[in-house]
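**Student:** Structure provided below as structure tokens; questions to follow.
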Amino acid sequence: MAERKHDTAALIEAILFLSQEAITGKMLQEICSVNPEEIEKALQKLRCELQKTDRGLTLLETEAGFSLGTKPELAPVLNKLLEEEHSLAPLSQAALETIAIIAIKQPVTRVEIEHIRGVKAEGVIENLLKRGLIQIAGRKEVPGKPFLYRTTDEFLHYFGLSDLAELEHLSKELSLLNQESK
């Protein structure tokens, strides 16, 4: 029984869908076992199919090769989805440590946070800013004038707190527990 011949455009679409990186025309030729002309015809067919208004993807061509991407006109809706997914994702251990320092010491600089944690915090701070859990509260009046960070109302909502006074109470309880354990 002979092997079933697949539509080259459909095969390329599947390859590009599964690939994390752009795929060169030469790689497509090798994977699909067809000549360069057939790859070009298939890419043109795929490009035309994806240009239809009822499709959400587009064929992207860069120096690195070909890839699939979302149509630019869908970006506003897709950004909402990505923001919602991002805001629902649980905080990492690093983010929890960082936001705890900010909540207790606020306003606080990145350098002060890094000194307490003992590791860089730039990426974590950026993530917390994007999620709206912290905000820039101004600049510290020292050389370089670094940003000061503080928590937001979204922080209170995320952690189920009514106000920052609840944190002061928790901080005192933690201090007492630490003293008892020594």
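A note on labels: chains of the structure tokens are A, B, ... as shown, every chain counts residues from 1, and ligands are counted from 1 in their shown order.
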Where in chain A does DSSP assign helix (DSSP H, G or I), given as number ranges by chain?
**Tutor:** A: 8-18, 25-32, 36-50, 72-88, 93-105, 110-117, 122-130, 153-159, 165-181
**Student:** Skip region 34-38 of chain A itself and residues of its chain fewer than 6 positions away, then list as a list in words all residues within 12 Å of it, counting only C-alpha atoms.
**Tutor:**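 Counting only the stated atoms, we get Lys5, His6, Asp7, Thr8, Ala9, Leu11, Ile12, Thr24, Gly25, Lys26, Met27, Leu28, Gln44 and Lys45 of chain A.
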**Student:** Give the answer as one residue: which of A:Arg139, A:Gly118, A:Ile104, A:Gly56 has the shortest atom-to-atom distance to Ala165 (chain A), using only C-alpha atoms?
**Tutor:**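 Smallest distance to Ala165 (chain A) is found for A:Ile104.
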**Student:** Could you check the closest approach to Gln135 (chain A) for each of A:Leu78, A:Ala103, A:Ala121, A:Ile116 and tell me which residue wins, using only C-alpha atoms?
**Tutor:**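 Among A:Leu78, A:Ala103, A:Ala121, A:Ile116, it is A:Ala103 that comes nearest to Gln135 (chain A).
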**Student:** Excluding Ile23 (chain A) and any residue of its chain fewer than 3 positions from it, enumerate the residues within 8 Å of it, using only C-alpha atoms, and give them as a list in words.
**Tutor:**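 The residues that qualify are Leu16, Ser19, Met27, Leu28, Ala64, Gly65, Phe66 and Ser67 of chain A.
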**Student:** Print the selection's residues with N, CA and C atoms to a file, as an mmCIF file, in the first residue's frame.
**Tutor:**
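out_35.cif written:
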```
data_model
loop_
_atom_site.group_PDB
_atom_site.id
_atom_site.type_symbol
_atom_site.label_atom_id
_atom_site.label_comp_id
_atom_site.auth_asym_id
_atom_site.auth_seq_id
_atom_site.Cartn_x
_atom_site.Cartn_y
_atom_site.Cartn_z
ATOM 1 N N LEU A 16 4.527 24.687 11.132
ATOM 2 C CA LEU A 16 4.703 26.022 11.709
ATOM 3 C C LEU A 16 3.925 26.173 13.010
ATOM 4 N N SER A 19 6.020 24.384 15.699
ATOM 5 C CA SER A 19 7.374 24.881 15.918
ATOM 6 C C SER A 19 7.401 26.083 16.851
ATOM 7 N N MET A 27 14.541 24.029 5.387
ATOM 8 C CA MET A 27 14.084 23.046 6.378
ATOM 9 C C MET A 27 12.723 22.481 5.973
ATOM 10 N N LEU A 28 11.841 23.348 5.465
ATOM 11 C CA LEU A 28 10.525 22.881 5.015
ATOM 12 C C LEU A 28 10.669 21.889 3.867
ATOM 13 N N ALA A 64 14.828 34.859 9.684
ATOM 14 C CA ALA A 64 15.003 33.557 10.324
ATOM 15 C C ALA A 64 14.174 32.471 9.648
ATOM 16 N N GLY A 65 13.151 32.849 8.883
ATOM 17 C CA GLY A 65 12.317 31.863 8.222
ATOM 18 C C GLY A 65 10.840 32.201 8.349
ATOM 19 N N PHE A 66 10.018 31.164 8.334
ATOM 20 C CA PHE A 66 8.572 31.314 8.366
ATOM 21 C C PHE A 66 8.015 30.889 9.715
ATOM 22 N N SER A 67 6.945 31.553 10.129
ATOM 23 C CA SER A 67 6.256 31.183 11.367
ATOM 24 C C SER A 67 4.806 31.640 11.267
#
```
**Student:** Distance CA of Ala95 (chain A)-CA of Ile113 (chain A), one decimal place?
**Tutor:** 11.4 Å
**Student:** Env of region 91-94 of chain A: 12 Å cut, atoms = only C-alpha atoms, seq-sep filter 5 positions within chain, self excluded. Answer as a list of chain:residue names.
**Tutor:**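 Neighbouring residues, sequence-local ones excluded: A:His86, A:Ile99, A:Ala100, A:Ile101, A:Ile113, A:Glu114, A:Arg117, A:Gly118, A:Val119, A:Lys120, A:Ala121, A:Glu122, A:Gly123, A:Val124, A:Ile125, A:Asn127, A:Leu128, A:Arg131, A:Leu133, A:Phe155, A:Tyr158, A:Phe159.
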**Student:** Hey, can you spit out that residue selection with N, CA and C atoms as a JSON list (two decimals), in the first residue's frame?
**Tutor:**
```
[["chain", "number", "residue", "atom", "x", "y", "z"],
["A", 86, "HIS", "N", -2.46, 36.13, 32.85],
["A", 86, "HIS", "CA", -1.29, 36.50, 33.64],
["A", 86, "HIS", "C", -1.69, 36.88, 35.06],
["A", 99, "ILE", "N", 7.14, 40.80, 47.33],
["A", 99, "ILE", "CA", 5.99, 41.62, 47.68],
["A", 99, "ILE", "C", 5.83, 41.71, 49.20],
["A", 100, "ALA", "N", 6.26, 40.69, 49.92],
["A", 100, "ALA", "CA", 6.22, 40.76, 51.38],
["A", 100, "ALA", "C", 7.17, 41.85, 51.88],
["A", 101, "ILE", "N", 8.35, 41.91, 51.30],
["A", 101, "ILE", "CA", 9.32, 42.95, 51.68],
["A", 101, "ILE", "C", 8.76, 44.32, 51.37],
["A", 113, "ILE", "N", 15.46, 45.86, 48.43],
["A", 113, "ILE", "CA", 14.81, 44.55, 48.31],
["A", 113, "ILE", "C", 15.87, 43.48, 48.03],
["A", 114, "GLU", "N", 16.76, 43.77, 47.07],
["A", 114, "GLU", "CA", 17.80, 42.81, 46.71],
["A", 114, "GLU", "C", 18.74, 42.54, 47.89],
["A", 117, "ARG", "N", 16.72, 40.14, 50.19],
["A", 117, "ARG", "CA", 16.53, 38.81, 49.59],
["A", 117, "ARG", "C", 17.85, 38.14, 49.25],
["A", 118, "GLY", "N", 18.90, 38.94, 48.97],
["A", 118, "GLY", "CA", 20.18, 38.37, 48.61],
["A", 118, "GLY", "C", 20.29, 37.97, 47.15],
["A", 119, "VAL", "N", 19.30, 38.32, 46.34],
["A", 119, "VAL", "CA", 19.31, 38.02, 44.90],
["A", 119, "VAL", "C", 18.71, 39.19, 44.13],
["A", 120, "LYS", "N", 18.96, 39.23, 42.83],
["A", 120, "LYS", "CA", 18.40, 40.28, 41.98],
["A", 120, "LYS", "C", 16.88, 40.19, 41.98],
["A", 121, "ALA", "N", 16.23, 41.34, 41.88],
["A", 121, "ALA", "CA", 14.76, 41.37, 41.94],
["A", 121, "ALA", "C", 14.14, 42.14, 40.79],
["A", 122, "GLU", "N", 14.94, 42.55, 39.82],
["A", 122, "GLU", "CA", 14.42, 43.40, 38.74],
["A", 122, "GLU", "C", 13.26, 42.74, 37.99],
["A", 123, "GLY", "N", 13.42, 41.48, 37.58],
["A", 123, "GLY", "CA", 12.36, 40.78, 36.84],
["A", 123, "GLY", "C", 11.11, 40.57, 37.67],
["A", 124, "VAL", "N", 11.30, 40.24, 38.93],
["A", 124, "VAL", "CA", 10.16, 40.02, 39.82],
["A", 124, "VAL", "C", 9.39, 41.33, 40.02],
["A", 125, "ILE", "N", 10.12, 42.41, 40.22],
["A", 125, "ILE", "CA", 9.48, 43.72, 40.39],
["A", 125, "ILE", "C", 8.70, 44.09, 39.14],
["A", 127, "ASN", "N", 7.33, 42.10, 36.99],
["A", 127, "ASN", "CA", 6.14, 41.24, 36.98],
["A", 127, "ASN", "C", 5.08, 41.78, 37.94],
["A", 128, "LEU", "N", 5.49, 42.15, 39.14],
["A", 128, "LEU", "CA", 4.54, 42.67, 40.13],
["A", 128, "LEU", "C", 3.94, 44.00, 39.66],
["A", 131, "ARG", "N", 1.31, 43.23, 37.00],
["A", 131, "ARG", "CA", 0.10, 42.66, 37.61],
["A", 131, "ARG", "C", -0.67, 43.68, 38.44],
["A", 133, "LEU", "N", 0.14, 44.82, 41.37],
["A", 133, "LEU", "CA", 0.21, 44.56, 42.81],
["A", 133, "LEU", "C", 1.09, 45.58, 43.52],
["A", 155, "PHE", "N", -3.18, 44.83, 45.44],
["A", 155, "PHE", "CA", -2.45, 43.97, 46.37],
["A", 155, "PHE", "C", -3.36, 43.56, 47.53],
["A", 158, "TYR", "N", -5.95, 41.13, 46.24],
["A", 158, "TYR", "CA", -5.35, 39.83, 45.92],
["A", 158, "TYR", "C", -5.14, 38.99, 47.18],
["A", 159, "PHE", "N", -4.70, 39.64, 48.26],
["A", 159, "PHE", "CA", -4.40, 38.92, 49.49],
["A", 159, "PHE", "C", -5.55, 38.94, 50.50]]
```
**Student:** Rounded to one decimal, what separation in Å do you get between CA of Leu43 (chain A) and CA of Asn79 (chain A)?
**Tutor:**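 Value for the CA of Leu43 (chain A)-CA of Asn79 (chain A) distance: 27.9 Å.
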**Student:** Residues of region 33-91 of chain A classed as strand (DSSP E) by DSSP on the backbone are to be reported as a list in words.
**Tutor:**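 Here is the list: Leu57, Thr58, Leu59, Leu60, Glu61, Thr62, Gly65, Phe66, Ser67, Leu68, Gly69 and Thr70 of chain A.
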**Student:** Can you measure CA of Gln106 (chain A) to CA of Tyr149 (chain A) for me? One decimal in Å is fine.
**Tutor:** 6.5 Å
**Student:** Restricting the calculation to only C-alpha atoms, which member of A:Thr151, A:Thr109, A:Thr62, A:Thr70 is positioned closest to Ala22 (chain A)?
**Tutor:**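 Using only C-alpha atoms, Ala22 (chain A) sits closest to A:Thr62.
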